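Colleague: Here's a structure for you.
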Amino acid sequence: MRKILIVGAGQSGLQLALGLQSQGYEPTLMSNRTADEIRGGRVMSTQCMFRTALGHERDLGLNFWEERAPRIEGLGVSVAGPSAPGGHPRVVDWVGWLDGYAQSVDQRIKMASWMETFEQRGGQVVIHGAAVSDLDVLVRKYDLVLVAAGKGELVSLFGRDAARSPYDTPQRALAVAYVHGLGPRPEHPDVDAVRCNLVPGVGELFVMPTLTTSGRADILFWEAVPGGPADAFQGITDPSEHLERALELMEHFTPWEYARATKVELTDAGGTLSGRYAPTVRHPVGRLPGGGLVLGVADVVVTNDPITGQGSNSAAKCAAAYLESILERGDRPFDEEWMRTTFDRYWESARHVTKWTNAMLAPPPEHIVNLLGAGSAFPAVAHRIANGFDDPSDFENFFYEPEKAAAFLDEVREEAEAAEAEAEVEVEVDDEADDLAGADDEVEVDDHAREAVRSFR
């Protein structure tokens with residue numbers, strides 16, 4: 001059996017290790033922390049996994065928390081308007097329903113449990129913070145070495161792909177708080193949904209239900225424009241102060257979210273996280289000082305800003321693609337050509353995530369302003385944008401190009417008009433025409449909404 005070493009015990013590393021194990025391989029997993037250290041440590045992410053990524057876990061029988069984690073049925077977008085008494089009002093607000101529910105499980109729970117499962121099934125786990133010098137030796141003992149540790153010295157093995165990396169500095173400052181006690185949205189109190197709140201010139205606030213070490217919780221996640229008014233977490237080390245700052249920003253910029261957060265408290269002392277990094281695509285093959293080659297996995301080689309919530313989804317998709325490629329290789333060598341082809345297999349999905357994420361970090365053009373605004377008037381628009389979080393490749397069909405966006409909105413409007421005409425066959429012609437004209441006005445978005453979204457940066 002081929003000897004395979006996986007360095008890194010996150011979503012991609014553990015999923016791939018367990019996948020190989022299920023196929024009779026005996027991979028070695030290297031982690032810088034034990035399962036207990038992971039479980040008792042600080043939160044690592046804001047993971048929300050959509051239908052396709054959850055499917056990869058189900059395929060391997062790793063969906064241990066499916067009955068306990070909240071079922072996220074929708075994804076909502078709100079855009080804040082200019083400041084007014086009582087805070088910033090919403091000028092755009094809608095929710096799109098997901099075709100298949102999403103779920104979020106605190107990675108402290110998931111990674112610790114998966115590592116223990118790997119060991120219980122006979123897998124070897126080496127607790128060691130690997131350095132380049134370690135891999136220089138280990139690469140001669142294994143048929144394949146995969147680097148799935150997205151931070152630290154090992155990332156330096158993989159050079160930046162400038163052609164695929166338009167940004168060389170962080171585009172957002174990130175601040176996360178896991179809380180208990182968040183109230184429901186009054187519009188539909190019985191529905192769990194991810195809430196994407198866009199605040200022009202400030203950044204974004206994401207709110208999502210999750211399962212954490214102490215049970216059901218919610219994540220408050222600020223993505224602040226660097227140097228802007230929400231870039232206010234640097235130097236804060238006290239978790240309580242971190243939460244207080246997050247709530248202050250919510251009260252001022254997203255009062256509709258703050259209204260349900262007045263009684264929240266941190267889930268635990270490790271329930272906060274802050275930082276920033278530049279979104280980067282790297283070359284997939286790393287060459288060690290001694291000449292050996294290693295293959296980068298998931299966010300080691302494709303690191304996107306979490307503004308589109310794709311990190312864990314991409315990691316799951318990468319692990320699934322790499323597993324297929326390894327199994328298909330059989331006894332043939334894992335040479336450089338195979339490594340590049342394997343990464344290209346993953347890039348087929350990752351490229352769509354990267355394009356979409358980078359687009360959302362930039363000021364939105366007029367046609368995207370119209371799309372976001374139209375979500376309030378037309379459920380079909382809200383539905384398609386929401387489900388793009390599961391399949392970002394669909395954005396190619398209606399999101400990036402003005403002509404495609406206009407054609408999509410025309411199609412939606414025509415379908416809405418036809419449905420309205422059918423439902424109101426007894427309405428007088430003049431009244432019907434007035435109603436349809438109103439639908440045209442809605443899709444164009446009012447001036448306040450357009451200006452709010454356009455001035456995002």
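Labels used: A, B, ... for chains in the order of the structure tokens, numbers from 1 for residues in each chain, and numbers from 1 for ligands as shown.
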Need the shell around range 361-364 of chain A: protein/DNA/RNA residues with any atom at most 12 Å away, counting only C-alpha atoms. Skip same-chain ones fewer than 3 positions apart. Format as a PyMOL selection string?

Modeller: chain A and resi 166-167+170-172+198+200-201+203-204+223-226+278-279+304-308+354-358+367-372+399-402+450-457

Colleague: If you run DSSP on this backbone, which residues of range 150-332 of chain A come out as alpha helix (DSSP H), and could you give them as a PyMOL selection string?

Modeller: chain A and resi 239-253+255-258+311-329

Colleague: For those residues, write N, CA, C and O atoms to a file as a short mmCIF file (atom, residue, chain, number, x, y, z; two decimals), in the first residue's frame.

Modeller:
```
data_model
loop_
_atom_site.label_atom_id
_atom_site.label_comp_id
_atom_site.auth_asym_id
_atom_site.auth_seq_id
_atom_site.Cartn_x
_atom_site.Cartn_y
_atom_site.Cartn_z
N PRO A 239 -11.61 38.70 25.98
CA PRO A 239 -12.79 38.27 25.22
C PRO A 239 -14.03 39.12 25.49
O PRO A 239 -14.81 39.41 24.57
N SER A 240 -14.22 39.54 26.72
CA SER A 240 -15.39 40.36 27.05
C SER A 240 -15.33 41.72 26.35
O SER A 240 -16.34 42.23 25.86
N GLU A 241 -14.14 42.30 26.30
CA GLU A 241 -13.98 43.57 25.61
C GLU A 241 -14.21 43.39 24.11
O GLU A 241 -14.79 44.26 23.45
N HIS A 242 -13.76 42.27 23.57
CA HIS A 242 -13.97 41.95 22.16
C HIS A 242 -15.48 41.93 21.86
O HIS A 242 -15.94 42.55 20.88
N LEU A 243 -16.26 41.22 22.67
CA LEU A 243 -17.69 41.15 22.45
C LEU A 243 -18.34 42.53 22.60
O LEU A 243 -19.20 42.91 21.81
N GLU A 244 -17.91 43.28 23.60
CA GLU A 244 -18.47 44.62 23.81
C GLU A 244 -18.25 45.49 22.58
O GLU A 244 -19.15 46.21 22.15
N ARG A 245 -17.06 45.41 21.98
CA ARG A 245 -16.77 46.20 20.79
C ARG A 245 -17.64 45.75 19.62
O ARG A 245 -18.17 46.59 18.87
N ALA A 246 -17.81 44.45 19.46
CA ALA A 246 -18.66 43.94 18.37
C ALA A 246 -20.09 44.44 18.51
O ALA A 246 -20.72 44.83 17.53
N LEU A 247 -20.59 44.44 19.73
CA LEU A 247 -21.96 44.89 19.96
C LEU A 247 -22.11 46.40 19.75
O LEU A 247 -23.13 46.87 19.24
N GLU A 248 -21.10 47.16 20.13
CA GLU A 248 -21.14 48.61 19.90
C GLU A 248 -21.26 48.91 18.41
O GLU A 248 -22.02 49.78 17.98
N LEU A 249 -20.49 48.19 17.61
CA LEU A 249 -20.55 48.38 16.16
C LEU A 249 -21.91 47.96 15.62
O LEU A 249 -22.46 48.61 14.72
N MET A 250 -22.46 46.88 16.14
CA MET A 250 -23.78 46.44 15.70
C MET A 250 -24.84 47.48 16.04
O MET A 250 -25.72 47.77 15.22
N GLU A 251 -24.76 48.04 17.23
CA GLU A 251 -25.76 49.02 17.64
C GLU A 251 -25.76 50.23 16.71
O GLU A 251 -26.82 50.76 16.37
N HIS A 252 -24.58 50.64 16.28
CA HIS A 252 -24.48 51.83 15.43
C HIS A 252 -24.78 51.54 13.97
O HIS A 252 -25.51 52.30 13.31
N PHE A 253 -24.22 50.45 13.43
CA PHE A 253 -24.28 50.22 11.99
C PHE A 253 -25.38 49.24 11.56
O PHE A 253 -25.87 49.32 10.44
N PRO A 255 -28.52 48.24 13.52
CA PRO A 255 -29.40 48.21 14.69
C PRO A 255 -30.44 47.09 14.64
O PRO A 255 -30.90 46.63 15.68
N TRP A 256 -30.83 46.64 13.46
CA TRP A 256 -31.79 45.55 13.35
C TRP A 256 -31.19 44.24 13.86
O TRP A 256 -31.93 43.38 14.35
N GLU A 257 -29.87 44.06 13.77
CA GLU A 257 -29.23 42.89 14.34
C GLU A 257 -28.95 43.09 15.83
O GLU A 257 -29.09 42.16 16.63
N TYR A 258 -28.59 44.30 16.20
CA TYR A 258 -28.32 44.58 17.62
C TYR A 258 -29.57 44.38 18.47
O TYR A 258 -29.49 43.92 19.62
N GLY A 311 -14.54 28.96 2.92
CA GLY A 311 -13.33 28.28 3.37
C GLY A 311 -13.50 26.79 3.62
O GLY A 311 -12.80 25.96 3.03
N SER A 312 -14.42 26.43 4.50
CA SER A 312 -14.63 25.02 4.81
C SER A 312 -15.23 24.27 3.63
O SER A 312 -14.92 23.10 3.40
N ASN A 313 -16.09 24.94 2.86
CA ASN A 313 -16.66 24.31 1.67
C ASN A 313 -15.57 23.96 0.67
O ASN A 313 -15.53 22.86 0.12
N SER A 314 -14.66 24.91 0.44
CA SER A 314 -13.57 24.66 -0.50
C SER A 314 -12.65 23.56 0.01
O SER A 314 -12.16 22.73 -0.77
N ALA A 315 -12.39 23.54 1.32
CA ALA A 315 -11.53 22.51 1.88
C ALA A 315 -12.14 21.12 1.69
O ALA A 315 -11.43 20.16 1.35
N ALA A 316 -13.45 21.01 1.88
CA ALA A 316 -14.12 19.73 1.69
C ALA A 316 -14.08 19.30 0.22
O ALA A 316 -13.86 18.13 -0.11
N LYS A 317 -14.27 20.26 -0.68
CA LYS A 317 -14.24 19.94 -2.10
C LYS A 317 -12.83 19.57 -2.55
O LYS A 317 -12.65 18.69 -3.40
N CYS A 318 -11.83 20.23 -1.98
CA CYS A 318 -10.45 19.90 -2.32
C CYS A 318 -10.11 18.49 -1.87
O CYS A 318 -9.52 17.70 -2.61
N ALA A 319 -10.48 18.15 -0.63
CA ALA A 319 -10.19 16.81 -0.11
C ALA A 319 -10.86 15.75 -0.97
O ALA A 319 -10.28 14.70 -1.26
N ALA A 320 -12.10 16.02 -1.41
CA ALA A 320 -12.81 15.05 -2.24
C ALA A 320 -12.13 14.88 -3.60
O ALA A 320 -11.98 13.75 -4.10
N ALA A 321 -11.68 15.99 -4.19
CA ALA A 321 -11.01 15.92 -5.49
C ALA A 321 -9.67 15.19 -5.38
O ALA A 321 -9.32 14.36 -6.23
N TYR A 322 -8.91 15.50 -4.33
CA TYR A 322 -7.61 14.85 -4.14
C TYR A 322 -7.79 13.36 -3.87
O TYR A 322 -6.98 12.53 -4.33
N LEU A 323 -8.81 12.99 -3.10
CA LEU A 323 -9.06 11.58 -2.82
C LEU A 323 -9.31 10.82 -4.12
O LEU A 323 -8.72 9.75 -4.35
N GLU A 324 -10.15 11.35 -4.98
CA GLU A 324 -10.41 10.70 -6.25
C GLU A 324 -9.14 10.55 -7.07
O GLU A 324 -8.88 9.51 -7.68
N SER A 325 -8.33 11.59 -7.09
CA SER A 325 -7.11 11.57 -7.89
C SER A 325 -6.11 10.54 -7.36
O SER A 325 -5.45 9.84 -8.14
N ILE A 326 -5.99 10.43 -6.05
CA ILE A 326 -5.07 9.45 -5.45
C ILE A 326 -5.54 8.04 -5.76
O ILE A 326 -4.74 7.16 -6.14
N LEU A 327 -6.83 7.79 -5.60
CA LEU A 327 -7.36 6.45 -5.85
C LEU A 327 -7.17 6.06 -7.32
O LEU A 327 -6.84 4.90 -7.62
N GLU A 328 -7.38 7.01 -8.21
CA GLU A 328 -7.23 6.71 -9.64
C GLU A 328 -5.78 6.44 -10.02
O GLU A 328 -5.51 5.75 -11.01
N ARG A 329 -4.84 6.96 -9.25
CA ARG A 329 -3.42 6.83 -9.60
C ARG A 329 -2.90 5.42 -9.42
O ARG A 329 -1.94 5.01 -10.09
#
```

Colleague: Using only C-alpha atoms, which residues sit within 6 Å of Ala35 in chain A once same-chain residues fewer than 2 positions away are excluded, as a list in words?

Modeller: Glu37, Ile38 and Ala112 of chain A

Colleague: With N, CA, C and O atoms retained, could you export that selection as a PDB file, in the first residue's frame?

Modeller:
```pdb
ATOM      1  N   GLU A  37      -6.283  19.284  22.901  1.00  0.00           N
ATOM      2  CA  GLU A  37      -5.832  20.669  22.783  1.00  0.00           C
ATOM      3  C   GLU A  37      -6.696  21.446  21.790  1.00  0.00           C
ATOM      4  O   GLU A  37      -6.996  22.625  21.993  1.00  0.00           O
ATOM      5  N   ILE A  38      -7.099  20.777  20.725  1.00  0.00           N
ATOM      6  CA  ILE A  38      -7.993  21.424  19.757  1.00  0.00           C
ATOM      7  C   ILE A  38      -9.344  21.710  20.397  1.00  0.00           C
ATOM      8  O   ILE A  38      -9.873  22.818  20.313  1.00  0.00           O
ATOM      9  N   ALA A 112     -11.422  17.699  16.520  1.00  0.00           N
ATOM     10  CA  ALA A 112     -11.028  16.825  17.626  1.00  0.00           C
ATOM     11  C   ALA A 112     -11.667  15.445  17.472  1.00  0.00           C
ATOM     12  O   ALA A 112     -11.005  14.413  17.639  1.00  0.00           O
TER      13      ALA A 112
END
```

Colleague: Tell me which protein, DNA and RNA residues are within 9 Å of Glu336 in chain A, counting only C-alpha atoms, leaving out same-chain ones fewer than 4 positions away, and put them as a list of chain:residue names.

Modeller: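 The residues satisfying every condition are A:Val285, A:Leu293, A:Val294, A:Leu295, A:Arg340, A:Thr341.
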
Colleague: Could you write out the selected residues, including C-alpha atoms, as a PDB file, in the first residue's frame?

Modeller:
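Written file, out20.pdb:
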```
ATOM      1  CA  VAL A 285       3.824  22.110  -5.884  1.00  0.00           C
ATOM      2  CA  LEU A 293       8.232  17.649  -3.930  1.00  0.00           C
ATOM      3  CA  VAL A 294       5.141  18.179  -1.776  1.00  0.00           C
ATOM      4  CA  LEU A 295       1.570  18.971  -2.823  1.00  0.00           C
ATOM      5  CA  ARG A 340      -0.292  19.728 -10.985  1.00  0.00           C
ATOM      6  CA  THR A 341      -3.098  17.790 -12.649  1.00  0.00           C
TER       7      THR A 341
END
```

Colleague: Using only C-alpha atoms, which protein or nucleic acid residues come within 6 Å of range 46-50 of chain A? Drop anything in the same chain fewer than 3 positions from it, and give the result as a list in words.

Modeller: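 The residues that qualify are Ala53, Ala102, Gln103, Ser104, Ser312, Asn313 and Asp390 of chain A.
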
Colleague: Would you save the residues of that selection, restricted to all heavy atoms, as a compact mmCIF listing (two decimals), in the first residue's frame?

Modeller:
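Just written: part_21.txt:
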```txt
# COMPACT_ATOMS: atom_id res chain seq x y z
N ALA A 53 -20.75 20.51 0.07
CA ALA A 53 -19.68 20.18 1.02
C ALA A 53 -20.17 19.20 2.08
O ALA A 53 -19.46 18.25 2.45
CB ALA A 53 -19.15 21.46 1.67
N ALA A 102 -27.90 24.13 5.01
CA ALA A 102 -26.49 24.24 5.38
C ALA A 102 -26.37 23.99 6.88
O ALA A 102 -27.36 24.01 7.61
CB ALA A 102 -25.95 25.62 5.02
N GLN A 103 -25.14 23.76 7.34
CA GLN A 103 -24.89 23.57 8.77
C GLN A 103 -23.51 24.09 9.13
O GLN A 103 -22.58 24.10 8.31
CB GLN A 103 -24.99 22.09 9.17
CG GLN A 103 -26.41 21.55 9.13
CD GLN A 103 -26.53 20.17 9.72
OE1 GLN A 103 -25.85 19.24 9.32
NE2 GLN A 103 -27.44 20.01 10.70
N SER A 104 -23.40 24.52 10.38
CA SER A 104 -22.11 24.99 10.91
C SER A 104 -21.82 24.24 12.20
O SER A 104 -22.65 24.23 13.12
CB SER A 104 -22.16 26.50 11.18
OG SER A 104 -21.02 26.92 11.90
N SER A 312 -14.42 26.43 4.50
CA SER A 312 -14.63 25.02 4.81
C SER A 312 -15.23 24.27 3.63
O SER A 312 -14.92 23.10 3.40
CB SER A 312 -15.56 24.88 6.02
OG SER A 312 -14.94 25.41 7.17
N ASN A 313 -16.09 24.94 2.86
CA ASN A 313 -16.66 24.31 1.67
C ASN A 313 -15.57 23.96 0.67
O ASN A 313 -15.53 22.86 0.12
CB ASN A 313 -17.67 25.26 1.03
CG ASN A 313 -18.89 25.50 1.90
OD1 ASN A 313 -19.87 24.78 1.82
ND2 ASN A 313 -18.83 26.51 2.75
N ASP A 390 -23.66 27.66 -2.47
CA ASP A 390 -23.37 26.23 -2.59
C ASP A 390 -22.64 25.94 -3.90
O ASP A 390 -21.70 25.14 -3.93
CB ASP A 390 -24.66 25.43 -2.54
CG ASP A 390 -24.41 23.94 -2.72
OD1 ASP A 390 -23.55 23.39 -2.01
OD2 ASP A 390 -25.08 23.32 -3.58
```

Colleague: Suppose you want the space between CA of Val425 in chain A and CA of Gly375 in chain A; what is it in Å?

Modeller: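 If I compute the distance from CA of Val425 in chain A to CA of Gly375 in chain A, I get 25.8 Å.
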
Colleague: I'd like the neighbourhood of Asp59 in chain A as a PyMOL selection string, where a residue qualifies if any of its atoms comes within 12 Å (using only C-alpha atoms), though same-chain residues fewer than 5 positions away should be ignored.

Modeller: chain A and resi 15+18-19+22+52-54+64+316+320

Colleague: What gap, in Å, lies between CA of Asp99 in chain A and CA of Ala423 in chain A?

Modeller: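 Spanning CA of Asp99 in chain A to CA of Ala423 in chain A is a straight-line distance of 25.4 Å.
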
Colleague: Going by DSSP on the backbone, which residues of range 11-133 of chain A come out as strand (DSSP E)? List them as a ChimeraX atom specification.

Modeller: /A:28-31,72-80,90-102,124-127
